[in-house]
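Engineer: Before I ask anything, here is the structure I am working with.
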Amino acid sequence: MSTLLPIVIVCLLLIIIWQYRNARESSRQLGYIHEKLNSIMTQGTRERLLLFSSNQELQLLLTDLNNLLDTNHKGAIERVKLEKSMRNMLSNISHDLKTPLTVVLGYIETIMHDETMSASERERILHTIHQKADQVIILMNTFFDLAKLESGDRDIPLSRVELGEVCRRNILSFYDLLTAKGSEVEIDISDTALYIMGNDEALDRVLSNLLSNAISYGDAGGVLGLKLYSDEQNAYIEVWDRGKGISESHQDKVFERLYTLEDSRNREYQGSGLGLTITKRLTEQMNGTIKLTSQPYVQTVFTVSFRRLRF
């Protein structure tokens, strides 16, 4: 018994020393994690916590912390993109409102100070003022519509809709404009009735926006097409043109709020930059999807798809 006692004491001392060293190592590792995490968060770097440890719980903690850092970094990128988008949006709103209002104010001042103006000239100017005021009202209504769509305040009731009828109605409304511009129109609408759960008013706006966009940006190609077809699952509407198209670097941005190509700020292509954003939101509210493919001066296609109804 007296021989075993020293052995037991030595073993206990070794265990205590081992536990002490493990505790010190864990404390050191936790201290490193604390300092490194503070440094990463303060400086906003993309560094990650790297630590070699046999402690499985500590390894799991490091994995979770690194996942949180990844999420935080992605959130920071999104915030920067959102702030840039908001700045661009405010700039574009200011531009789109300022232009017609400047014209209106200029003409009003002319009428007020030019006492020799003829009645016919005054009438012409008043007509221009009325047109510019209408532009402002339309633009503000468009902003309001998008705000309601994105906030979820606008309810779009869905019912059974036949897409062929919608397509024919909308292409007919643009037909005179297209022929007056000398553009060729290619229409390929399935003879089979294609039904979806949709909304007539929303579908009219989606198609009107896509056709207007194709006319504005694709008229250089001299042809505009509308195609309606289906497979076993979905019905598809394609609006296409052979105009200047949209470069690959811009294709993922065309549905962003107030995003416009550079020449859309030219008088010939003037627009609010909200049409495609509203088109996407309306399509999604009808449980559909929209995509873009474009090869300049070959073919630019916007494709809207919806789940088919079988009854």
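In the structure tokens, chains take the letters A, B, ... in the order shown, each chain's residues start at 1, and ligands count up from 1 in the order shown.
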So that I can see what lies close to Glu232 of chain A, please list as an NGL selection string the residues with an atom at most 10 Å from it, counting only C-alpha atoms and leaving out residues fewer than 5 positions away in the same chain.
Structural biologist: :A and (307-308 or 310)
Engineer: Take the residues just selected and output them with N, CA, C and O atoms as a compact mmCIF listing (two decimals), in the first residue's frame.
Structural biologist:
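Result saved to part_18.txt:
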# COMPACT_ATOMS: atom_id res chain seq x y z
N ARG A 307 -46.61 28.45 -65.46
CA ARG A 307 -47.08 27.07 -65.36
C ARG A 307 -48.40 26.92 -66.12
O ARG A 307 -49.31 27.74 -65.97
N ARG A 308 -48.50 25.91 -66.96
CA ARG A 308 -49.73 25.69 -67.75
C ARG A 308 -50.86 25.13 -66.89
O ARG A 308 -50.63 24.42 -65.93
N ARG A 310 -54.26 22.73 -67.14
CA ARG A 310 -54.71 21.63 -67.98
C ARG A 310 -56.23 21.54 -68.06
O ARG A 310 -56.77 20.55 -68.53
Engineer: Choose the residue, out of A:Arg281, A:Lys148, A:His130, A:Lys81, that has the smallest atom-to-atom separation from Val206 of chain A; count only C-alpha atoms.
Structural biologist: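 Using only C-alpha atoms, the shortest distance to Val206 of chain A belongs to A:Arg281.
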Engineer: What's the 8 Å shell around Thr300 of chain A, counting only C-alpha atoms, without same-chain residues fewer than 4 positions away, as a PyMOL selection string?
Structural biologist: chain A and resi 240-243+245-246+292-296
Engineer: Could you pull out all residues of segment 85-253 of chain A with a DSSP call of strand (DSSP E) and give them as a ChimeraX atom specification?
Structural biologist: /A:159-162,184-189,195-198,223-230,234-241
Engineer: Go ahead and dump the residues you just picked, N, CA, C and O atoms, as a compact mmCIF listing (two decimals), in the first residue's frame.
Structural biologist:
# COMPACT_ATOMS: atom_id res chain seq x y z
N SER A 159 -56.67 34.57 -62.11
CA SER A 159 -57.78 33.78 -62.64
C SER A 159 -57.30 33.08 -63.91
O SER A 159 -56.18 33.29 -64.38
N ARG A 160 -58.15 32.26 -64.49
CA ARG A 160 -57.80 31.50 -65.70
C ARG A 160 -57.73 32.46 -66.89
O ARG A 160 -58.70 33.14 -67.20
N VAL A 161 -56.56 32.49 -67.54
CA VAL A 161 -56.34 33.41 -68.66
C VAL A 161 -55.79 32.63 -69.84
O VAL A 161 -54.93 31.76 -69.69
N GLU A 162 -56.28 32.96 -71.05
CA GLU A 162 -55.79 32.33 -72.27
C GLU A 162 -54.73 33.24 -72.89
O GLU A 162 -55.00 34.38 -73.28
N GLU A 184 -40.47 44.98 -89.76
CA GLU A 184 -41.15 43.73 -90.06
C GLU A 184 -41.63 43.10 -88.75
O GLU A 184 -40.94 43.18 -87.72
N VAL A 185 -42.79 42.48 -88.79
CA VAL A 185 -43.34 41.86 -87.58
C VAL A 185 -43.53 40.37 -87.84
O VAL A 185 -44.19 39.98 -88.81
N GLU A 186 -42.93 39.55 -87.01
CA GLU A 186 -43.08 38.10 -87.11
C GLU A 186 -43.85 37.59 -85.90
O GLU A 186 -43.39 37.74 -84.76
N ILE A 187 -45.00 37.02 -86.16
CA ILE A 187 -45.88 36.55 -85.09
C ILE A 187 -46.02 35.04 -85.20
O ILE A 187 -46.37 34.51 -86.26
N ASP A 188 -45.74 34.35 -84.12
CA ASP A 188 -45.87 32.89 -84.07
C ASP A 188 -46.61 32.53 -82.79
O ASP A 188 -46.00 32.38 -81.72
N ILE A 189 -47.91 32.43 -82.89
CA ILE A 189 -48.76 32.16 -81.74
C ILE A 189 -49.39 30.79 -81.91
O ILE A 189 -50.04 30.51 -82.93
N TYR A 195 -53.64 28.03 -71.33
CA TYR A 195 -54.21 28.69 -70.16
C TYR A 195 -53.22 28.71 -69.00
O TYR A 195 -52.47 27.74 -68.80
N ILE A 196 -53.23 29.80 -68.27
CA ILE A 196 -52.43 29.92 -67.05
C ILE A 196 -53.29 30.59 -65.98
O ILE A 196 -54.36 31.13 -66.28
N MET A 197 -52.79 30.57 -64.75
CA MET A 197 -53.38 31.38 -63.69
C MET A 197 -52.67 32.72 -63.72
O MET A 197 -51.49 32.83 -63.37
N GLY A 198 -53.35 33.74 -64.23
CA GLY A 198 -52.72 35.04 -64.37
C GLY A 198 -53.70 36.17 -64.15
O GLY A 198 -54.81 35.96 -63.65
N VAL A 223 -36.78 44.24 -87.42
CA VAL A 223 -37.76 43.18 -87.24
C VAL A 223 -38.03 42.98 -85.76
O VAL A 223 -37.13 43.09 -84.91
N LEU A 224 -39.29 42.71 -85.43
CA LEU A 224 -39.69 42.40 -84.06
C LEU A 224 -40.54 41.15 -84.10
O LEU A 224 -41.38 40.99 -84.99
N GLY A 225 -40.32 40.27 -83.14
CA GLY A 225 -41.07 39.01 -83.12
C GLY A 225 -41.77 38.76 -81.81
O GLY A 225 -41.32 39.19 -80.74
N LEU A 226 -42.90 38.08 -81.89
CA LEU A 226 -43.66 37.63 -80.72
C LEU A 226 -44.00 36.17 -80.93
O LEU A 226 -44.59 35.79 -81.95
N LYS A 227 -43.60 35.35 -79.98
CA LYS A 227 -43.83 33.91 -80.11
C LYS A 227 -44.46 33.37 -78.84
O LYS A 227 -44.04 33.70 -77.73
N LEU A 228 -45.48 32.54 -79.01
CA LEU A 228 -46.13 31.86 -77.89
C LEU A 228 -46.09 30.37 -78.15
O LEU A 228 -46.53 29.89 -79.20
N TYR A 229 -45.53 29.63 -77.20
CA TYR A 229 -45.43 28.18 -77.36
C TYR A 229 -45.45 27.53 -75.98
O TYR A 229 -45.53 28.22 -74.94
N SER A 230 -45.36 26.21 -75.94
CA SER A 230 -45.45 25.51 -74.65
C SER A 230 -44.71 24.19 -74.70
O SER A 230 -44.35 23.68 -75.77
N ASN A 234 -44.96 24.12 -69.01
CA ASN A 234 -45.06 25.57 -68.99
C ASN A 234 -45.51 26.14 -70.33
O ASN A 234 -45.40 25.49 -71.38
N ALA A 235 -46.00 27.38 -70.25
CA ALA A 235 -46.29 28.18 -71.44
C ALA A 235 -45.25 29.31 -71.50
O ALA A 235 -44.88 29.87 -70.46
N TYR A 236 -44.79 29.64 -72.70
CA TYR A 236 -43.72 30.62 -72.87
C TYR A 236 -44.14 31.71 -73.85
O TYR A 236 -44.75 31.43 -74.89
N ILE A 237 -43.79 32.94 -73.49
CA ILE A 237 -43.96 34.07 -74.40
C ILE A 237 -42.58 34.65 -74.66
O ILE A 237 -41.85 34.98 -73.72
N GLU A 238 -42.21 34.76 -75.94
CA GLU A 238 -40.94 35.38 -76.31
C GLU A 238 -41.20 36.67 -77.08
O GLU A 238 -42.00 36.69 -78.02
N VAL A 239 -40.53 37.73 -76.66
CA VAL A 239 -40.50 38.98 -77.42
C VAL A 239 -39.06 39.20 -77.84
O VAL A 239 -38.17 39.27 -76.99
N TRP A 240 -38.82 39.29 -79.15
CA TRP A 240 -37.45 39.34 -79.62
C TRP A 240 -37.26 40.40 -80.72
O TRP A 240 -38.22 40.83 -81.35
N ASP A 241 -36.03 40.78 -80.88
CA ASP A 241 -35.66 41.70 -81.97
C ASP A 241 -34.23 41.39 -82.39
O ASP A 241 -33.53 40.60 -81.75
Engineer: What is the atom CA of Val136 of chain A to atom CA of Ser94 of chain A distance in Å?
Structural biologist: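 So the answer is 11.3 Å.
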Engineer: Please report the interatomic distance between atom CA of Pro100 of chain A and atom CA of Lys253 of chain A in Å with one decimal.
Structural biologist: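 Answer for the atom CA of Pro100 of chain A to atom CA of Lys253 of chain A separation: 26.3 Å.
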Engineer: Taking only segment 177-285 of chain A into account, list the residues labelled alpha helix (DSSP H) by DSSP (computed from the backbone), as a PDB file with N, CA, C and O atoms, in the first residue's frame.
Structural biologist:
ATOM      1  N   LEU A 177     -47.795  51.241 -85.169  1.00  0.00           N
ATOM      2  CA  LEU A 177     -46.527  51.912 -84.885  1.00  0.00           C
ATOM      3  C   LEU A 177     -45.375  51.197 -85.573  1.00  0.00           C
ATOM      4  O   LEU A 177     -44.490  51.825 -86.166  1.00  0.00           O
ATOM      5  N   LEU A 178     -45.385  49.868 -85.511  1.00  0.00           N
ATOM      6  CA  LEU A 178     -44.301  49.087 -86.104  1.00  0.00           C
ATOM      7  C   LEU A 178     -44.274  49.231 -87.622  1.00  0.00           C
ATOM      8  O   LEU A 178     -43.209  49.406 -88.224  1.00  0.00           O
ATOM      9  N   THR A 179     -45.432  49.162 -88.254  1.00  0.00           N
ATOM     10  CA  THR A 179     -45.472  49.285 -89.709  1.00  0.00           C
ATOM     11  C   THR A 179     -45.105  50.706 -90.146  1.00  0.00           C
ATOM     12  O   THR A 179     -44.474  50.900 -91.192  1.00  0.00           O
ATOM     13  N   ALA A 180     -45.498  51.716 -89.343  1.00  0.00           N
ATOM     14  CA  ALA A 180     -45.136  53.095 -89.662  1.00  0.00           C
ATOM     15  C   ALA A 180     -43.627  53.296 -89.605  1.00  0.00           C
ATOM     16  O   ALA A 180     -43.064  54.110 -90.357  1.00  0.00           O
ATOM     17  N   ASP A 200     -55.202  39.547 -66.359  1.00  0.00           N
ATOM     18  CA  ASP A 200     -55.233  40.199 -67.671  1.00  0.00           C
ATOM     19  C   ASP A 200     -54.517  41.547 -67.670  1.00  0.00           C
ATOM     20  O   ASP A 200     -53.704  41.838 -68.558  1.00  0.00           O
ATOM     21  N   GLU A 201     -54.810  42.372 -66.675  1.00  0.00           N
ATOM     22  CA  GLU A 201     -54.211  43.704 -66.620  1.00  0.00           C
ATOM     23  C   GLU A 201     -52.700  43.620 -66.457  1.00  0.00           C
ATOM     24  O   GLU A 201     -51.943  44.330 -67.131  1.00  0.00           O
ATOM     25  N   ALA A 202     -52.240  42.732 -65.559  1.00  0.00           N
ATOM     26  CA  ALA A 202     -50.799  42.586 -65.334  1.00  0.00           C
ATOM     27  C   ALA A 202     -50.110  42.019 -66.569  1.00  0.00           C
ATOM     28  O   ALA A 202     -49.015  42.465 -66.946  1.00  0.00           O
ATOM     29  N   LEU A 203     -50.737  41.047 -67.235  1.00  0.00           N
ATOM     30  CA  LEU A 203     -50.143  40.473 -68.442  1.00  0.00           C
ATOM     31  C   LEU A 203     -50.069  41.506 -69.564  1.00  0.00           C
ATOM     32  O   LEU A 203     -49.081  41.555 -70.313  1.00  0.00           O
ATOM     33  N   ASP A 204     -51.098  42.349 -69.676  1.00  0.00           N
ATOM     34  CA  ASP A 204     -51.058  43.422 -70.676  1.00  0.00           C
ATOM     35  C   ASP A 204     -49.881  44.351 -70.416  1.00  0.00           C
ATOM     36  O   ASP A 204     -49.190  44.779 -71.343  1.00  0.00           O
ATOM     37  N   ARG A 205     -49.646  44.646 -69.151  1.00  0.00           N
ATOM     38  CA  ARG A 205     -48.548  45.560 -68.834  1.00  0.00           C
ATOM     39  C   ARG A 205     -47.195  44.903 -69.085  1.00  0.00           C
ATOM     40  O   ARG A 205     -46.266  45.551 -69.573  1.00  0.00           O
ATOM     41  N   VAL A 206     -47.083  43.628 -68.761  1.00  0.00           N
ATOM     42  CA  VAL A 206     -45.833  42.900 -69.019  1.00  0.00           C
ATOM     43  C   VAL A 206     -45.512  42.913 -70.513  1.00  0.00           C
ATOM     44  O   VAL A 206     -44.402  43.273 -70.928  1.00  0.00           O
ATOM     45  N   LEU A 207     -46.496  42.541 -71.331  1.00  0.00           N
ATOM     46  CA  LEU A 207     -46.260  42.490 -72.775  1.00  0.00           C
ATOM     47  C   LEU A 207     -46.051  43.880 -73.363  1.00  0.00           C
ATOM     48  O   LEU A 207     -45.207  44.081 -74.241  1.00  0.00           O
ATOM     49  N   SER A 208     -46.817  44.851 -72.882  1.00  0.00           N
ATOM     50  CA  SER A 208     -46.657  46.222 -73.363  1.00  0.00           C
ATOM     51  C   SER A 208     -45.253  46.736 -73.072  1.00  0.00           C
ATOM     52  O   SER A 208     -44.608  47.353 -73.935  1.00  0.00           O
ATOM     53  N   ASN A 209     -44.741  46.465 -71.873  1.00  0.00           N
ATOM     54  CA  ASN A 209     -43.390  46.896 -71.514  1.00  0.00           C
ATOM     55  C   ASN A 209     -42.336  46.217 -72.392  1.00  0.00           C
ATOM     56  O   ASN A 209     -41.385  46.852 -72.857  1.00  0.00           O
ATOM     57  N   LEU A 210     -42.507  44.909 -72.618  1.00  0.00           N
ATOM     58  CA  LEU A 210     -41.521  44.177 -73.411  1.00  0.00           C
ATOM     59  C   LEU A 210     -41.557  44.610 -74.877  1.00  0.00           C
ATOM     60  O   LEU A 210     -40.505  44.757 -75.516  1.00  0.00           O
ATOM     61  N   LEU A 211     -42.741  44.822 -75.421  1.00  0.00           N
ATOM     62  CA  LEU A 211     -42.851  45.265 -76.808  1.00  0.00           C
ATOM     63  C   LEU A 211     -42.313  46.690 -76.978  1.00  0.00           C
ATOM     64  O   LEU A 211     -41.609  46.994 -77.946  1.00  0.00           O
ATOM     65  N   SER A 212     -42.636  47.565 -76.022  1.00  0.00           N
ATOM     66  CA  SER A 212     -42.115  48.939 -76.071  1.00  0.00           C
ATOM     67  C   SER A 212     -40.602  48.941 -76.010  1.00  0.00           C
ATOM     68  O   SER A 212     -39.922  49.704 -76.720  1.00  0.00           O
ATOM     69  N   ASN A 213     -40.053  48.090 -75.140  1.00  0.00           N
ATOM     70  CA  ASN A 213     -38.607  47.994 -75.001  1.00  0.00           C
ATOM     71  C   ASN A 213     -37.965  47.519 -76.302  1.00  0.00           C
ATOM     72  O   ASN A 213     -36.938  48.038 -76.743  1.00  0.00           O
ATOM     73  N   ALA A 214     -38.587  46.513 -76.938  1.00  0.00           N
ATOM     74  CA  ALA A 214     -38.051  45.985 -78.195  1.00  0.00           C
ATOM     75  C   ALA A 214     -38.113  47.027 -79.306  1.00  0.00           C
ATOM     76  O   ALA A 214     -37.195  47.139 -80.122  1.00  0.00           O
ATOM     77  N   ILE A 215     -39.177  47.817 -79.329  1.00  0.00           N
ATOM     78  CA  ILE A 215     -39.308  48.868 -80.340  1.00  0.00           C
ATOM     79  C   ILE A 215     -38.257  49.959 -80.117  1.00  0.00           C
ATOM     80  O   ILE A 215     -37.623  50.448 -81.054  1.00  0.00           O
ATOM     81  N   SER A 216     -38.060  50.354 -78.852  1.00  0.00           N
ATOM     82  CA  SER A 216     -37.127  51.435 -78.538  1.00  0.00           C
ATOM     83  C   SER A 216     -35.682  51.054 -78.810  1.00  0.00           C
ATOM     84  O   SER A 216     -34.911  51.848 -79.360  1.00  0.00           O
ATOM     85  N   TYR A 217     -35.302  49.834 -78.434  1.00  0.00           N
ATOM     86  CA  TYR A 217     -33.894  49.452 -78.505  1.00  0.00           C
ATOM     87  C   TYR A 217     -33.559  48.516 -79.656  1.00  0.00           C
ATOM     88  O   TYR A 217     -32.389  48.303 -79.957  1.00  0.00           O
ATOM     89  N   GLY A 218     -34.585  47.941 -80.280  1.00  0.00           N
ATOM     90  CA  GLY A 218     -34.310  46.937 -81.308  1.00  0.00           C
ATOM     91  C   GLY A 218     -34.705  47.325 -82.713  1.00  0.00           C
ATOM     92  O   GLY A 218     -34.604  46.505 -83.625  1.00  0.00           O
ATOM     93  N   GLU A 248     -23.239  41.357 -72.558  1.00  0.00           N
ATOM     94  CA  GLU A 248     -23.282  40.389 -71.460  1.00  0.00           C
ATOM     95  C   GLU A 248     -23.072  41.048 -70.103  1.00  0.00           C
ATOM     96  O   GLU A 248     -23.675  40.656 -69.111  1.00  0.00           O
ATOM     97  N   SER A 249     -22.238  42.085 -70.053  1.00  0.00           N
ATOM     98  CA  SER A 249     -21.958  42.766 -68.786  1.00  0.00           C
ATOM     99  C   SER A 249     -23.170  43.511 -68.241  1.00  0.00           C
ATOM    100  O   SER A 249     -23.222  43.837 -67.055  1.00  0.00           O
ATOM    101  N   HIS A 250     -24.141  43.807 -69.104  1.00  0.00           N
ATOM    102  CA  HIS A 250     -25.330  44.546 -68.683  1.00  0.00           C
ATOM    103  C   HIS A 250     -26.540  43.637 -68.452  1.00  0.00           C
ATOM    104  O   HIS A 250     -27.530  44.071 -67.866  1.00  0.00           O
ATOM    105  N   GLN A 251     -26.473  42.393 -68.916  1.00  0.00           N
ATOM    106  CA  GLN A 251     -27.672  41.559 -68.935  1.00  0.00           C
ATOM    107  C   GLN A 251     -28.215  41.242 -67.551  1.00  0.00           C
ATOM    108  O   GLN A 251     -29.421  41.073 -67.381  1.00  0.00           O
ATOM    109  N   GLY A 275     -39.491  50.129 -66.430  1.00  0.00           N
ATOM    110  CA  GLY A 275     -40.366  49.213 -67.151  1.00  0.00           C
ATOM    111  C   GLY A 275     -40.035  47.755 -66.931  1.00  0.00           C
ATOM    112  O   GLY A 275     -40.916  46.943 -66.620  1.00  0.00           O
ATOM    113  N   LEU A 276     -38.758  47.386 -67.071  1.00  0.00           N
ATOM    114  CA  LEU A 276     -38.380  45.982 -66.926  1.00  0.00           C
ATOM    115  C   LEU A 276     -38.423  45.536 -65.473  1.00  0.00           C
ATOM    116  O   LEU A 276     -38.687  44.362 -65.182  1.00  0.00           O
ATOM    117  N   THR A 277     -38.169  46.455 -64.546  1.00  0.00           N
ATOM    118  CA  THR A 277     -38.283  46.114 -63.122  1.00  0.00           C
ATOM    119  C   THR A 277     -39.728  45.767 -62.787  1.00  0.00           C
ATOM    120  O   THR A 277     -40.010  44.754 -62.123  1.00  0.00           O
ATOM    121  N   ILE A 278     -40.660  46.593 -63.230  1.00  0.00           N
ATOM    122  CA  ILE A 278     -42.079  46.333 -62.998  1.00  0.00           C
ATOM    123  C   ILE A 278     -42.506  45.052 -63.704  1.00  0.00           C
ATOM    124  O   ILE A 278     -43.265  44.243 -63.152  1.00  0.00           O
ATOM    125  N   THR A 279     -41.997  44.842 -64.914  1.00  0.00           N
ATOM    126  CA  THR A 279     -42.307  43.617 -65.659  1.00  0.00           C
ATOM    127  C   THR A 279     -41.899  42.382 -64.862  1.00  0.00           C
ATOM    128  O   THR A 279     -42.663  41.410 -64.758  1.00  0.00           O
ATOM    129  N   LYS A 280     -40.712  42.412 -64.283  1.00  0.00           N
ATOM    130  CA  LYS A 280     -40.224  41.276 -63.498  1.00  0.00           C
ATOM    131  C   LYS A 280     -41.081  41.062 -62.247  1.00  0.00           C
ATOM    132  O   LYS A 280     -41.459  39.935 -61.917  1.00  0.00           O
ATOM    133  N   ARG A 281     -41.402  42.159 -61.548  1.00  0.00           N
ATOM    134  CA  ARG A 281     -42.202  42.032 -60.324  1.00  0.00           C
ATOM    135  C   ARG A 281     -43.598  41.494 -60.628  1.00  0.00           C
ATOM    136  O   ARG A 281     -44.116  40.636 -59.902  1.00  0.00           O
ATOM    137  N   LEU A 282     -44.218  41.991 -61.695  1.00  0.00           N
ATOM    138  CA  LEU A 282     -45.554  41.516 -62.060  1.00  0.00           C
ATOM    139  C   LEU A 282     -45.509  40.044 -62.448  1.00  0.00           C
ATOM    140  O   LEU A 282     -46.389  39.261 -62.059  1.00  0.00           O
ATOM    141  N   THR A 283     -44.501  39.669 -63.216  1.00  0.00           N
ATOM    142  CA  THR A 283     -44.356  38.266 -63.628  1.00  0.00           C
ATOM    143  C   THR A 283     -44.209  37.359 -62.413  1.00  0.00           C
ATOM    144  O   THR A 283     -44.853  36.301 -62.325  1.00  0.00           O
ATOM    145  N   GLU A 284     -43.381  37.771 -61.463  1.00  0.00           N
ATOM    146  CA  GLU A 284     -43.165  36.959 -60.265  1.00  0.00           C
ATOM    147  C   GLU A 284     -44.426  36.873 -59.412  1.00  0.00           C
ATOM    148  O   GLU A 284     -44.689  35.833 -58.795  1.00  0.00           O
ATOM    149  N   GLN A 285     -45.223  37.943 -59.375  1.00  0.00           N
ATOM    150  CA  GLN A 285     -46.460  37.902 -58.596  1.00  0.00           C
ATOM    151  C   GLN A 285     -47.490  36.973 -59.226  1.00  0.00           C
ATOM    152  O   GLN A 285     -48.426  36.543 -58.564  1.00  0.00           O
TER     153      GLN A 285
END
